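Worksheet: one structure, shown below.
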Amino acid sequence: MTAASADGASTARITAMSAGLAADGPGRPEPMLLYLVKQVELAIRSHLDDLLRPIGLTPLQYTALTVLERHPDLSSAQLARNSFVTAQSMADMITALEERGLIERHRDKADRRRLVVALTGAGQGVLDRYRDRVNTLEEHMLAGLTKAQVSSLRRSLHACHANLSGRPGSLSRGQPRASQDFSCRQNKLTRGGGRGRVAGRFGCGSCCYGSADRTQTPRPSQTGESGRVPLGSV
């Protein structure tokens, strides 16, 4: 099956699922937003699978590369938190990407005891080759929406993320707070506080899939325990 036919098959499956929901008839409650968001996530993953299969990358591997593009010299633990994988899975991913020459490990110049991960020229080349294709996928997802609607959707998703990630004032008393993570907001890195399983499992939206403006590259602070930075969800 060609990439085009696979993409068409994915779209057909998604369309059929949506049609099935719409066919439930009047009087039935609409699906929860949690369900719809998950549906969009799975659709994005399906399209990215088709897009990246020819070069043998998974969407999660691609996400890790985009995180490193935005925030070079991360520890394995930092990269895992912001690439939606466990520490063990990230260890395997780093080995695979390093063997392909897409990333490399070296000692942190600011702290020689700290081993960090960075993109290689080959890794940057992959992102550069696929940037327009991933942007085209996003445009396809947003087809039919006005600029105002896209802006409203972006604000709404940021608000939902803030509510779930435990930013100050976003959760009720007694609920878990996100652990100390950096998040990209207006090209600046800010810290959250507390602890919680939700922490670091969602990205800032700028790192994810290489769609960010690359004119500025914020770096994690040198203060604190080691500095943690964000990323993104497929």
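Chain identifiers are assigned as A, B, and so on, following the order in which chains appear in the structure tokens; residues are numbered from 1 within each chain, and ligands are numbered from 1 in order of appearance.
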
Which stretch 114-161 of chain A residues have any atom within 10 Å of an atom of stretch 69-80 of chain A, and for each, what is the nearest pair of atoms with distance in Å to one decimal, counting only C-alpha atoms, rows sorted by chain and number, as a Markdown table?
```
| residue | atom | partner | partner_atom | distance |
| --- | --- | --- | --- | --- |
| A:Arg114 | CA | A:Ser75 | CA | 7.5 |
| A:Leu115 | CA | A:Ser75 | CA | 6.3 |
| A:Val116 | CA | A:Ser75 | CA | 4.5 |
| A:Val117 | CA | A:Asp73 | CA | 5.0 |
| A:Ala118 | CA | A:Asp73 | CA | 5.0 |
| A:Leu119 | CA | A:Glu69 | CA | 6.6 |
| A:Thr120 | CA | A:Glu69 | CA | 9.7 |
| A:Gly123 | CA | A:Glu69 | CA | 8.9 |
| A:Gln124 | CA | A:Glu69 | CA | 7.3 |
| A:Leu127 | CA | A:Glu69 | CA | 8.5 |
```

Please produce an output containing N, CA and C atoms for each residue in the selection, written as a compact mmCIF listing (two decimals), in the first residue's frame.
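Result went into again-v1.txt, see below:
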```txt
# COMPACT_ATOMS: atom_id res chain seq x y z
N ARG A 114 26.91 15.60 34.43
CA ARG A 114 25.59 15.41 33.81
C ARG A 114 25.73 15.03 32.34
N LEU A 115 25.12 13.88 31.96
CA LEU A 115 25.13 13.43 30.57
C LEU A 115 23.85 13.92 29.90
N VAL A 116 24.00 14.60 28.78
CA VAL A 116 22.84 15.19 28.11
C VAL A 116 22.75 14.68 26.67
N VAL A 117 21.58 14.90 26.07
CA VAL A 117 21.28 14.42 24.72
C VAL A 117 21.07 15.62 23.81
N ALA A 118 21.54 15.54 22.58
CA ALA A 118 21.38 16.64 21.63
C ALA A 118 21.18 16.08 20.22
N LEU A 119 20.60 16.89 19.36
CA LEU A 119 20.44 16.53 17.96
C LEU A 119 21.79 16.53 17.25
N THR A 120 21.94 15.67 16.26
CA THR A 120 23.07 15.75 15.35
C THR A 120 22.62 16.48 14.08
N GLY A 123 20.00 14.42 12.46
CA GLY A 123 18.70 14.55 13.10
C GLY A 123 18.01 15.84 12.71
N GLN A 124 18.78 16.93 12.67
CA GLN A 124 18.20 18.21 12.23
C GLN A 124 17.74 18.12 10.78
N LEU A 127 14.26 16.60 10.55
CA LEU A 127 13.22 17.57 10.92
C LEU A 127 13.01 18.59 9.81
```

Completion exercise
Students should find that atom CA of A:Met32 and atom CA of A:Cys160 are spaced 13.9 Å

Practice task
Return the single residue from A:Arg81, A:Lys147, A:Arg155, A:His140 that is closest to A:Ala43, with distances computed using only C-alpha atoms.
Solution key: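 Using only C-alpha atoms, the shortest distance to A:Ala43 belongs to A:His140.
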
Practice task
Find, counting only C-alpha atoms, the residue in A:Val40, A:Ile103, A:Ala148, A:Ala143 that gets nearest to A:Val67.
Solution key: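 Among the listed residues, the smallest separation from A:Val67 belongs to A:Ile103.
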
Problem - For atom CA of A:Val126 and atom CA of A:Ile55, the interatomic separation in Å (one decimal) - result: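 Atom-to-atom, atom CA of A:Val126 and atom CA of A:Ile55 are spaced 9.0 Å apart.
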